[in-house]
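A.B. asks: One structure is given below, represented as structure tokens, and several questions about it will come after.
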Amino acid sequence: MRLYPAMQARMGDWKYYIVRMKMREAAQDISFASDIHTDHALSDAIQRELSERRVKADLVNFLAGRPDRFFSSLVVAAMDGEPAWHPVELDPAVTPAIFAQSSALRESIGILAFGDDPKYYALDGQHRLKAIKLLLDGQEVNAECPEGFEDEMISVIVVLREGHEGSEEEWLRRYRRLFSSLNRWAKPTDADTNIVMDEDDRFAVLTRRLITEHQFFRSHGREKESFRILTKGNAMKSGAAHFTTLRTLYQMNRILLTTGWRVIQEGWPKPTKSRSPFLQRRPSEECLDELFKELVGYWDILLAGIPDLRREPVMMRSHELTRAELRDHLLFWPIGQVLFAEVVRVLLDEAVGSDGTLTERQARSALDGLFDLPWELHEAPWRHLLLVGRFGAGLPWKMRNEGRKEACDLAKHLLFWILGSGAGTDEDRLRRQWEDLLVLQPDQAETDRLWEAIADLQQRNA
């Protein structure tokens with residue numbers, strides 16, 4: 001017989017029990033739906049599909065590598081196993097009278113008992129359960145189980161089939177509805193909140209520190225109130241007062257710090273990989289200080305190399321240029337900022353030594369040509385490629401949406417060719433690729449003019 005200390009509770013027409021289990025007990029006794037219910041037809045599905053990749057890549061490493069590991073409660077549906085609730089009587093002789101006289105305590109504290117062959121499965125939390133099982137088993141993962149982990153405890157909410165009559169099919173329907181209630185309406189934290197709150201993702205930590213300490217980004221109040229950074233949402237509109245968004249700044253910082261040397265020699269994930277155990281491991285304070293110093297160095301070079309970045313954003317982000325003082329600068333739009341950071345990182349990587357080091361002088365020299373390029377969206381190479389017109393007379397220009405990735409990839413290719421980093425590039429082929437991606441294809445004279453401007457830039461940097 002399995003005996004678990006528990007508390008009895010009720011919500012709606014569900015009676016449930018909050019149980020304390022050791023990790024080894026949860027691993028041994030709690031099953032997956034597929035272990036109990038053999039009919040896998042869609043109408044009988046009572047559990048979401050288990051993602052082994054997510055479990056092994058994220059959750060197992062979280063449990064193995066974090067001393068502050070913590071899981072929320074597993075929700076378990078009991079199908080069978082003779083579960084029984086036994087309330088515990090409080091002895092007034094040894095229990096303070098104020099507690100012994102409480103009917104709420106007498107009715108809610110007790111023991112939940114199961115027979116020797118319990119049949120209950122993880123209705124919610126099967127990925128967490130799988131991670132516990134794999135870590136304790138130790139055969140399918142490259143992680144060492146922490147000492148004493150099997151005796152650590154997790155809370156388990158057990159829902160019993162009691163107090164309601166019904167067929168097997170009706171109970172499966174109730175369990176499916178409960179699963180939907182637990183998961184369908186749950187709202188995960190958004191990307192902005194993750195950056196503001198995460199204490200392990202080094203790029204989130206460094207982004208917050210940049211906002212609070214760097215002269216250009218520094219907030220006059222709390223870090224969430226930075227006048228430079230929009231902390232909610234990832235869209236930037238014409239006339240907005242912020243330089244960029246929190247998500248874009250995070251992305252740029254991650255790109256700038258993820259050197260090719262670190263990817264190869266230290267196993268850093270590429271910036272496009274959003275889920276990685278690497279992001280769950282906070283480095284030492286000394287490492288964070290070194291990374292912050294490096295990041296500040298990059299931003300100081302970029303801000304000195306392109307003084308326009310310090311101008312008022314409300315004057316630098318206008319597609320229509322309705323007044324003479326207005327400009328439309330690519331580096332004030334998130335699409336251009338991320339593209340710019342990617343090009344900067346490649347150019348810096350080309351100058352990095354074999355030991356991964358790069359001096360400030362080497363960095364400035366590697367980026368000199370990039371600083372001299374035109375960034376006005378109505379000029380080549382951006383017009384009709386990233387800044388596009390719309391079908392219909394009088395409709396305003398907009399930043400490209402459809403085919404954005406292909407256009408950005410070609411824009412980077414053009415920049416590398418212009419700067420002399422695209423050795424072996426076939427100019428005729430590159431021009432054809434560029435023309436194929438232009439939106440609202442201009443007439444031949446305009447196309448020729450734009451390409452001549454691109455070719456002139458390349459010649460000046462040759």
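Labels used: A, B, ... for chains in the order of the structure tokens, numbers from 1 for residues in each chain, and numbers from 1 for ligands as shown.
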Would you kindly return, as number ranges by chain, each protein, DNA or RNA residue with an atom no farther than 9 Å from any atom of stretch 84-86 of chain A, considering only C-alpha atoms and excluding same-chain residues fewer than 3 positions away?

C.D. replies: A: 6, 8, 17, 109-115

A.B. asks: Could you write those residues out with N, CA, C and O atoms, as an mmCIF file, in the first residue's frame?

C.D. replies:
data_model
loop_
_atom_site.group_PDB
_atom_site.id
_atom_site.type_symbol
_atom_site.label_atom_id
_atom_site.label_comp_id
_atom_site.auth_asym_id
_atom_site.auth_seq_id
_atom_site.Cartn_x
_atom_site.Cartn_y
_atom_site.Cartn_z
ATOM 1 N N ALA A 6 -1.345 14.268 2.824
ATOM 2 C CA ALA A 6 -2.142 15.022 1.861
ATOM 3 C C ALA A 6 -3.066 15.999 2.554
ATOM 4 O O ALA A 6 -3.309 15.931 3.766
ATOM 5 N N GLN A 8 -7.005 17.665 1.708
ATOM 6 C CA GLN A 8 -8.195 17.534 0.871
ATOM 7 C C GLN A 8 -8.744 18.915 0.540
ATOM 8 O O GLN A 8 -8.745 19.812 1.386
ATOM 9 N N TYR A 17 -6.797 16.267 -4.024
ATOM 10 C CA TYR A 17 -5.913 16.094 -2.873
ATOM 11 C C TYR A 17 -4.523 16.624 -3.221
ATOM 12 O O TYR A 17 -3.987 16.315 -4.293
ATOM 13 N N ILE A 109 -6.735 17.669 6.604
ATOM 14 C CA ILE A 109 -5.428 17.041 6.758
ATOM 15 C C ILE A 109 -5.590 15.546 6.931
ATOM 16 O O ILE A 109 -6.430 15.084 7.722
ATOM 17 N N GLY A 110 -4.807 14.776 6.169
ATOM 18 C CA GLY A 110 -4.949 13.333 6.276
ATOM 19 C C GLY A 110 -3.936 12.559 5.464
ATOM 20 O O GLY A 110 -2.881 13.090 5.103
ATOM 21 N N ILE A 111 -4.283 11.322 5.182
ATOM 22 C CA ILE A 111 -3.448 10.411 4.410
ATOM 23 C C ILE A 111 -4.231 9.940 3.193
ATOM 24 O O ILE A 111 -5.403 9.546 3.320
ATOM 25 N N LEU A 112 -3.621 9.971 2.020
ATOM 26 C CA LEU A 112 -4.216 9.399 0.817
ATOM 27 C C LEU A 112 -3.534 8.064 0.570
ATOM 28 O O LEU A 112 -2.306 7.998 0.433
ATOM 29 N N ALA A 113 -4.311 7.011 0.557
ATOM 30 C CA ALA A 113 -3.766 5.658 0.433
ATOM 31 C C ALA A 113 -4.146 5.052 -0.911
ATOM 32 O O ALA A 113 -5.275 5.222 -1.394
ATOM 33 N N PHE A 114 -3.180 4.369 -1.537
ATOM 34 C CA PHE A 114 -3.409 3.649 -2.782
ATOM 35 C C PHE A 114 -3.027 2.189 -2.573
ATOM 36 O O PHE A 114 -2.171 1.864 -1.735
ATOM 37 N N GLY A 115 -3.647 1.317 -3.347
ATOM 38 C CA GLY A 115 -3.292 -0.089 -3.301
ATOM 39 C C GLY A 115 -1.904 -0.323 -3.882
ATOM 40 O O GLY A 115 -1.196 0.620 -4.269
#

A.B. asks: Give me, as a ChimeraX atom specification, the residues of stretch 149-332 of chain A that a backbone DSSP run labels strand (DSSP E or B).

C.D. replies: /A:153-159,229-230,244-245,317,328-329

A.B. asks: Would you put the residues from that selection into a file with C-alpha atoms, as a PDB file, in the first residue's frame?

C.D. replies:
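Result went into part_30.pdb, see below:
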ATOM      1  CA  MET A 153       9.882  16.334  -2.823  1.00  0.00           C
ATOM      2  CA  ILE A 154       7.321  17.594  -5.274  1.00  0.00           C
ATOM      3  CA  SER A 155       3.682  18.497  -4.757  1.00  0.00           C
ATOM      4  CA  VAL A 156       1.161  16.424  -6.673  1.00  0.00           C
ATOM      5  CA  ILE A 157      -2.501  17.300  -7.089  1.00  0.00           C
ATOM      6  CA  VAL A 158      -4.484  14.057  -7.321  1.00  0.00           C
ATOM      7  CA  VAL A 159      -7.973  14.083  -8.817  1.00  0.00           C
ATOM      8  CA  ILE A 229      13.715  51.419 -25.053  1.00  0.00           C
ATOM      9  CA  LEU A 230      10.107  50.408 -25.700  1.00  0.00           C
ATOM     10  CA  THR A 244      14.329  50.463 -30.273  1.00  0.00           C
ATOM     11  CA  THR A 245      12.347  47.774 -28.472  1.00  0.00           C
ATOM     12  CA  ARG A 317      11.700  57.207 -38.635  1.00  0.00           C
ATOM     13  CA  ASP A 328      13.883  57.539 -42.731  1.00  0.00           C
ATOM     14  CA  HIS A 329      16.950  55.797 -41.310  1.00  0.00           C
TER      15      HIS A 329
END

A.B. asks: For A:Ile264, list every protein, DNA or RNA residue within 12 Å, evaluated using only C-alpha atoms, and leave out those in the same chain fewer than 5 positions away; present the list as a list in words.

C.D. replies: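 So, after excluding close chain neighbours, the residues are Thr258, Thr259, Pro269, Lys270, Ser354, Asp355 and Gly356 of chain A.
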
A.B. asks: Which residue is closest to A:Leu386? Choose from A:Arg345, A:Thr357, A:Trp434, A:Asp289 and count only C-alpha atoms.

C.D. replies: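 Comparing A:Arg345, A:Thr357, A:Trp434, A:Asp289 against A:Leu386, the winner is A:Trp434.
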
A.B. asks: Suppose you want the space between atom CA of A:Phe71 and atom CA of A:Leu3; what is it in Å?

C.D. replies: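 It comes out at 22.0 Å.
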
A.B. asks: Calculated over only C-alpha atoms, which of the candidates A:Leu373, A:Val75, A:Leu135, A:Met7 has the smallest distance to A:Val60?

C.D. replies: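 Closest residue, counting only C-alpha atoms: A:Leu135.
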
A.B. asks: For a quick check of understanding, using only C-alpha atoms, which of A:Arg247, A:Arg176, A:Arg449, A:Arg218 has the smallest distance to A:Ala122?

C.D. replies: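 Smallest separation from A:Ala122 among the options: A:Arg176.
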
A.B. asks: Using only C-alpha atoms, which protein or nucleic acid residues come within 8 Å of A:Pro277? Drop anything in the same chain fewer than 6 positions from it, and give the result as an MDAnalysis selection string.

C.D. replies: chainID A and resid 57:58 61:62

A.B. asks: Take the residues from that selection and put them in a file with C-alpha atoms, as a PDB file, in the first residue's frame.

C.D. replies:
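Output below, filename result05.pdb:
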ATOM      1  CA  ALA A  57      17.374  19.554 -23.917  1.00  0.00           C
ATOM      2  CA  ASP A  58      15.648  21.781 -21.398  1.00  0.00           C
ATOM      3  CA  ASN A  61      19.441  20.003 -17.726  1.00  0.00           C
ATOM      4  CA  PHE A  62      17.426  22.396 -15.584  1.00  0.00           C
TER       5      PHE A  62
END

A.B. asks: Per DSSP on the backbone, what are the alpha helix (DSSP H) residues of stretch 231-407 of chain A, as an mmCIF file with N, CA and C atoms, in the first residue's frame?

C.D. replies:
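So the final result, stored in selection.cif, reads:
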data_model
loop_
_atom_site.group_PDB
_atom_site.id
_atom_site.type_symbol
_atom_site.label_atom_id
_atom_site.label_comp_id
_atom_site.auth_asym_id
_atom_site.auth_seq_id
_atom_site.Cartn_x
_atom_site.Cartn_y
_atom_site.Cartn_z
ATOM 1 N N LEU A 246 12.727 46.517 -26.460
ATOM 2 C CA LEU A 246 13.486 45.671 -25.535
ATOM 3 C C LEU A 246 13.883 44.361 -26.209
ATOM 4 N N ARG A 247 12.968 43.759 -26.952
ATOM 5 C CA ARG A 247 13.266 42.484 -27.614
ATOM 6 C C ARG A 247 14.358 42.648 -28.672
ATOM 7 N N THR A 248 14.293 43.753 -29.403
ATOM 8 C CA THR A 248 15.304 43.980 -30.432
ATOM 9 C C THR A 248 16.665 44.239 -29.805
ATOM 10 N N LEU A 249 16.701 45.009 -28.729
ATOM 11 C CA LEU A 249 17.971 45.266 -28.047
ATOM 12 C C LEU A 249 18.558 43.959 -27.515
ATOM 13 N N TYR A 250 17.719 43.131 -26.929
ATOM 14 C CA TYR A 250 18.177 41.816 -26.452
ATOM 15 C C TYR A 250 18.768 41.007 -27.608
ATOM 16 N N GLN A 251 18.052 40.981 -28.724
ATOM 17 C CA GLN A 251 18.518 40.220 -29.886
ATOM 18 C C GLN A 251 19.838 40.758 -30.417
ATOM 19 N N MET A 252 19.962 42.078 -30.497
ATOM 20 C CA MET A 252 21.212 42.685 -30.971
ATOM 21 C C MET A 252 22.375 42.352 -30.019
ATOM 22 N N ASN A 253 22.118 42.454 -28.722
ATOM 23 C CA ASN A 253 23.166 42.140 -27.749
ATOM 24 C C ASN A 253 23.606 40.686 -27.860
ATOM 25 N N ARG A 254 22.657 39.812 -28.048
ATOM 26 C CA ARG A 254 23.005 38.391 -28.183
ATOM 27 C C ARG A 254 23.838 38.149 -29.435
ATOM 28 N N ILE A 255 23.472 38.793 -30.536
ATOM 29 C CA ILE A 255 24.233 38.656 -31.783
ATOM 30 C C ILE A 255 25.648 39.192 -31.607
ATOM 31 N N LEU A 256 25.764 40.373 -31.010
ATOM 32 C CA LEU A 256 27.075 41.004 -30.856
ATOM 33 C C LEU A 256 28.013 40.176 -29.989
ATOM 34 N N LEU A 257 27.485 39.524 -28.957
ATOM 35 C CA LEU A 257 28.331 38.751 -28.043
ATOM 36 C C LEU A 257 28.599 37.327 -28.510
ATOM 37 N N GLY A 260 31.904 33.919 -33.459
ATOM 38 C CA GLY A 260 32.123 32.621 -34.081
ATOM 39 C C GLY A 260 33.052 31.749 -33.259
ATOM 40 N N TRP A 261 34.039 32.384 -32.620
ATOM 41 C CA TRP A 261 34.987 31.650 -31.783
ATOM 42 C C TRP A 261 34.272 31.000 -30.610
ATOM 43 N N ARG A 262 33.340 31.722 -29.979
ATOM 44 C CA ARG A 262 32.607 31.162 -28.843
ATOM 45 C C ARG A 262 31.690 30.020 -29.267
ATOM 46 N N VAL A 263 31.102 30.137 -30.449
ATOM 47 C CA VAL A 263 30.235 29.057 -30.942
ATOM 48 C C VAL A 263 31.042 27.781 -31.131
ATOM 49 N N ILE A 264 32.237 27.897 -31.715
ATOM 50 C CA ILE A 264 33.057 26.720 -32.026
ATOM 51 C C ILE A 264 33.797 26.209 -30.797
ATOM 52 N N GLN A 265 34.429 27.112 -30.058
ATOM 53 C CA GLN A 265 35.302 26.700 -28.964
ATOM 54 C C GLN A 265 34.583 26.513 -27.628
ATOM 55 N N GLU A 285 29.713 36.002 -11.735
ATOM 56 C CA GLU A 285 29.653 37.462 -11.779
ATOM 57 C C GLU A 285 30.861 38.023 -12.518
ATOM 58 N N GLU A 286 32.017 37.360 -12.361
ATOM 59 C CA GLU A 286 33.217 37.807 -13.083
ATOM 60 C C GLU A 286 33.012 37.697 -14.587
ATOM 61 N N CYS A 287 32.391 36.590 -15.014
ATOM 62 C CA CYS A 287 32.117 36.400 -16.448
ATOM 63 C C CYS A 287 31.126 37.450 -16.944
ATOM 64 N N LEU A 288 30.082 37.709 -16.165
ATOM 65 C CA LEU A 288 29.109 38.727 -16.556
ATOM 66 C C LEU A 288 29.763 40.105 -16.666
ATOM 67 N N ASP A 289 30.659 40.408 -15.752
ATOM 68 C CA ASP A 289 31.350 41.696 -15.812
ATOM 69 C C ASP A 289 32.189 41.816 -17.081
ATOM 70 N N GLU A 290 32.872 40.734 -17.440
ATOM 71 C CA GLU A 290 33.694 40.750 -18.654
ATOM 72 C C GLU A 290 32.827 40.894 -19.898
ATOM 73 N N LEU A 291 31.709 40.167 -19.933
ATOM 74 C CA LEU A 291 30.806 40.257 -21.086
ATOM 75 C C LEU A 291 30.203 41.660 -21.179
ATOM 76 N N PHE A 292 29.852 42.239 -20.041
ATOM 77 C CA PHE A 292 29.277 43.580 -20.053
ATOM 78 C C PHE A 292 30.300 44.599 -20.567
ATOM 79 N N LYS A 293 31.529 44.469 -20.125
ATOM 80 C CA LYS A 293 32.581 45.365 -20.601
ATOM 81 C C LYS A 293 32.745 45.243 -22.111
ATOM 82 N N GLU A 294 32.699 44.019 -22.607
ATOM 83 C CA GLU A 294 32.812 43.787 -24.054
ATOM 84 C C GLU A 294 31.624 44.399 -24.784
ATOM 85 N N LEU A 295 30.421 44.184 -24.248
ATOM 86 C CA LEU A 295 29.212 44.705 -24.888
ATOM 87 C C LEU A 295 29.225 46.230 -24.924
ATOM 88 N N VAL A 296 29.600 46.855 -23.833
ATOM 89 C CA VAL A 296 29.707 48.316 -23.794
ATOM 90 C C VAL A 296 30.710 48.796 -24.836
ATOM 91 N N GLY A 297 31.825 48.068 -24.986
ATOM 92 C CA GLY A 297 32.814 48.434 -25.998
ATOM 93 C C GLY A 297 32.230 48.422 -27.396
ATOM 94 N N TYR A 298 31.429 47.396 -27.714
ATOM 95 C CA TYR A 298 30.792 47.337 -29.036
ATOM 96 C C TYR A 298 29.884 48.540 -29.248
ATOM 97 N N TRP A 299 29.028 48.821 -28.247
ATOM 98 C CA TRP A 299 28.072 49.916 -28.416
ATOM 99 C C TRP A 299 28.768 51.268 -28.492
ATOM 100 N N ASP A 300 29.838 51.435 -27.749
ATOM 101 C CA ASP A 300 30.583 52.701 -27.829
ATOM 102 C C ASP A 300 31.159 52.906 -29.227
ATOM 103 N N ILE A 301 31.673 51.829 -29.819
ATOM 104 C CA ILE A 301 32.213 51.917 -31.178
ATOM 105 C C ILE A 301 31.111 52.235 -32.179
ATOM 106 N N LEU A 302 29.969 51.575 -32.062
ATOM 107 C CA LEU A 302 28.865 51.786 -33.005
ATOM 108 C C LEU A 302 28.304 53.203 -32.884
ATOM 109 N N LEU A 303 28.141 53.681 -31.659
ATOM 110 C CA LEU A 303 27.590 55.024 -31.460
ATOM 111 C C LEU A 303 28.551 56.102 -31.934
ATOM 112 N N ALA A 304 29.863 55.859 -31.789
ATOM 113 C CA ALA A 304 30.853 56.815 -32.288
ATOM 114 C C ALA A 304 30.958 56.762 -33.804
ATOM 115 N N GLY A 305 30.822 55.572 -34.375
ATOM 116 C CA GLY A 305 30.960 55.408 -35.821
ATOM 117 C C GLY A 305 29.773 55.934 -36.600
ATOM 118 N N PRO A 313 14.704 59.917 -32.270
ATOM 119 C CA PRO A 313 14.019 58.925 -33.106
ATOM 120 C C PRO A 313 12.789 59.474 -33.828
ATOM 121 N N VAL A 314 12.078 60.425 -33.218
ATOM 122 C CA VAL A 314 10.866 60.943 -33.866
ATOM 123 C C VAL A 314 11.183 61.611 -35.193
ATOM 124 N N MET A 315 12.432 62.027 -35.392
ATOM 125 C CA MET A 315 12.815 62.688 -36.630
ATOM 126 C C MET A 315 13.490 61.729 -37.612
ATOM 127 N N MET A 316 13.756 60.504 -37.179
ATOM 128 C CA MET A 316 14.565 59.580 -37.984
ATOM 129 C C MET A 316 13.775 58.394 -38.509
ATOM 130 N N PRO A 334 13.560 48.078 -36.233
ATOM 131 C CA PRO A 334 14.056 46.781 -35.744
ATOM 132 C C PRO A 334 14.615 45.886 -36.837
ATOM 133 N N ILE A 335 14.002 45.847 -38.004
ATOM 134 C CA ILE A 335 14.499 44.994 -39.083
ATOM 135 C C ILE A 335 15.917 45.396 -39.469
ATOM 136 N N GLY A 336 16.180 46.705 -39.521
ATOM 137 C CA GLY A 336 17.509 47.175 -39.872
ATOM 138 C C GLY A 336 18.497 47.019 -38.736
ATOM 139 N N GLN A 337 18.040 47.164 -37.502
ATOM 140 C CA GLN A 337 18.933 47.046 -36.354
ATOM 141 C C GLN A 337 19.467 45.626 -36.214
ATOM 142 N N VAL A 338 18.594 44.641 -36.390
ATOM 143 C CA VAL A 338 19.036 43.242 -36.297
ATOM 144 C C VAL A 338 19.968 42.904 -37.460
ATOM 145 N N LEU A 339 19.594 43.329 -38.661
ATOM 146 C CA LEU A 339 20.450 43.105 -39.830
ATOM 147 C C LEU A 339 21.830 43.730 -39.611
ATOM 148 N N PHE A 340 21.843 44.944 -39.095
ATOM 149 C CA PHE A 340 23.093 45.658 -38.839
ATOM 150 C C PHE A 340 23.960 44.891 -37.844
ATOM 151 N N ALA A 341 23.360 44.412 -36.749
ATOM 152 C CA ALA A 341 24.113 43.660 -35.743
ATOM 153 C C ALA A 341 24.709 42.391 -36.341
ATOM 154 N N GLU A 342 23.955 41.721 -37.223
ATOM 155 C CA GLU A 342 24.467 40.494 -37.842
ATOM 156 C C GLU A 342 25.669 40.782 -38.737
ATOM 157 N N VAL A 343 25.592 41.870 -39.489
ATOM 158 C CA VAL A 343 26.714 42.242 -40.358
ATOM 159 C C VAL A 343 27.921 42.648 -39.511
ATOM 160 N N VAL A 344 27.688 43.412 -38.464
ATOM 161 C CA VAL A 344 28.772 43.816 -37.560
ATOM 162 C C VAL A 344 29.478 42.590 -36.999
ATOM 163 N N ARG A 345 28.695 41.601 -36.556
ATOM 164 C CA ARG A 345 29.302 40.410 -35.952
ATOM 165 C C ARG A 345 30.177 39.655 -36.958
ATOM 166 N N VAL A 346 29.724 39.536 -38.201
ATOM 167 C CA VAL A 346 30.508 38.842 -39.225
ATOM 168 C C VAL A 346 31.812 39.593 -39.494
ATOM 169 N N LEU A 347 31.724 40.908 -39.637
ATOM 170 C CA LEU A 347 32.921 41.710 -39.902
ATOM 171 C C LEU A 347 33.911 41.623 -38.738
ATOM 172 N N LEU A 348 33.417 41.627 -37.523
ATOM 173 C CA LEU A 348 34.295 41.492 -36.362
ATOM 174 C C LEU A 348 34.927 40.105 -36.312
ATOM 175 N N ASP A 349 34.144 39.084 -36.652
ATOM 176 C CA ASP A 349 34.678 37.714 -36.648
ATOM 177 C C ASP A 349 35.831 37.567 -37.637
ATOM 178 N N GLU A 350 35.740 38.288 -38.755
ATOM 179 C CA GLU A 350 36.817 38.212 -39.750
ATOM 180 C C GLU A 350 38.120 38.810 -39.225
ATOM 181 N N ALA A 351 38.008 39.670 -38.199
ATOM 182 C CA ALA A 351 39.200 40.324 -37.654
ATOM 183 C C ALA A 351 39.701 39.664 -36.366
ATOM 184 N N GLU A 360 40.275 46.937 -29.431
ATOM 185 C CA GLU A 360 39.372 48.018 -29.824
ATOM 186 C C GLU A 360 39.792 48.594 -31.170
ATOM 187 N N ARG A 361 41.091 48.762 -31.382
ATOM 188 C CA ARG A 361 41.570 49.305 -32.652
ATOM 189 C C ARG A 361 41.205 48.369 -33.807
ATOM 190 N N GLN A 362 41.353 47.069 -33.614
ATOM 191 C CA GLN A 362 41.006 46.106 -34.663
ATOM 192 C C GLN A 362 39.508 46.155 -34.963
ATOM 193 N N ALA A 363 38.706 46.292 -33.914
ATOM 194 C CA ALA A 363 37.257 46.342 -34.105
ATOM 195 C C ALA A 363 36.854 47.583 -34.891
ATOM 196 N N ARG A 364 37.403 48.728 -34.527
ATOM 197 C CA ARG A 364 37.068 49.963 -35.248
ATOM 198 C C ARG A 364 37.500 49.877 -36.708
ATOM 199 N N SER A 365 38.671 49.314 -36.949
ATOM 200 C CA SER A 365 39.166 49.181 -38.320
ATOM 201 C C SER A 365 38.280 48.253 -39.133
ATOM 202 N N ALA A 366 37.813 47.153 -38.517
ATOM 203 C CA ALA A 366 36.971 46.185 -39.230
ATOM 204 C C ALA A 366 35.632 46.789 -39.636
ATOM 205 N N LEU A 367 35.180 47.814 -38.909
ATOM 206 C CA LEU A 367 33.849 48.378 -39.144
ATOM 207 C C LEU A 367 33.867 49.714 -39.867
ATOM 208 N N ASP A 368 35.034 50.245 -40.180
ATOM 209 C CA ASP A 368 35.131 51.576 -40.801
ATOM 210 C C ASP A 368 34.288 51.693 -42.062
ATOM 211 N N GLY A 369 34.403 50.712 -42.957
ATOM 212 C CA GLY A 369 33.659 50.781 -44.211
ATOM 213 C C GLY A 369 32.159 50.762 -43.990
ATOM 214 N N LEU A 370 31.713 49.999 -43.002
ATOM 215 C CA LEU A 370 30.277 49.901 -42.710
ATOM 216 C C LEU A 370 29.721 51.250 -42.256
ATOM 217 N N PHE A 371 30.505 51.997 -41.506
ATOM 218 C CA PHE A 371 30.031 53.271 -40.979
ATOM 219 C C PHE A 371 29.793 54.299 -42.079
ATOM 220 N N ARG A 404 10.437 38.745 -46.188
ATOM 221 C CA ARG A 404 11.404 39.558 -45.433
ATOM 222 C C ARG A 404 12.727 38.824 -45.237
ATOM 223 N N LYS A 405 12.688 37.555 -44.892
ATOM 224 C CA LYS A 405 13.930 36.828 -44.626
ATOM 225 C C LYS A 405 14.819 36.793 -45.866
ATOM 226 N N GLU A 406 14.225 36.473 -47.020
ATOM 227 C CA GLU A 406 15.010 36.418 -48.245
ATOM 228 C C GLU A 406 15.595 37.791 -48.578
ATOM 229 N N ALA A 407 14.790 38.845 -48.363
ATOM 230 C CA ALA A 407 15.272 40.200 -48.650
ATOM 231 C C ALA A 407 16.410 40.592 -47.703
#

A.B. asks: Can you measure atom CA of A:Leu440 to atom CA of A:Pro396 for me? One decimal in Å is fine.

C.D. replies: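 Calculated distance between atom CA of A:Leu440 and atom CA of A:Pro396 is 12.7 Å.
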
A.B. asks: Please list as an MDAnalysis selection string every residue within 8 Å of stretch 23-33 of chain A, counting only C-alpha atoms and excluding residues in the same chain fewer than 3 positions away.

C.D. replies: chainID A and resid 36:37 46:47 76 118:123 126 129 132:133 136 149:154
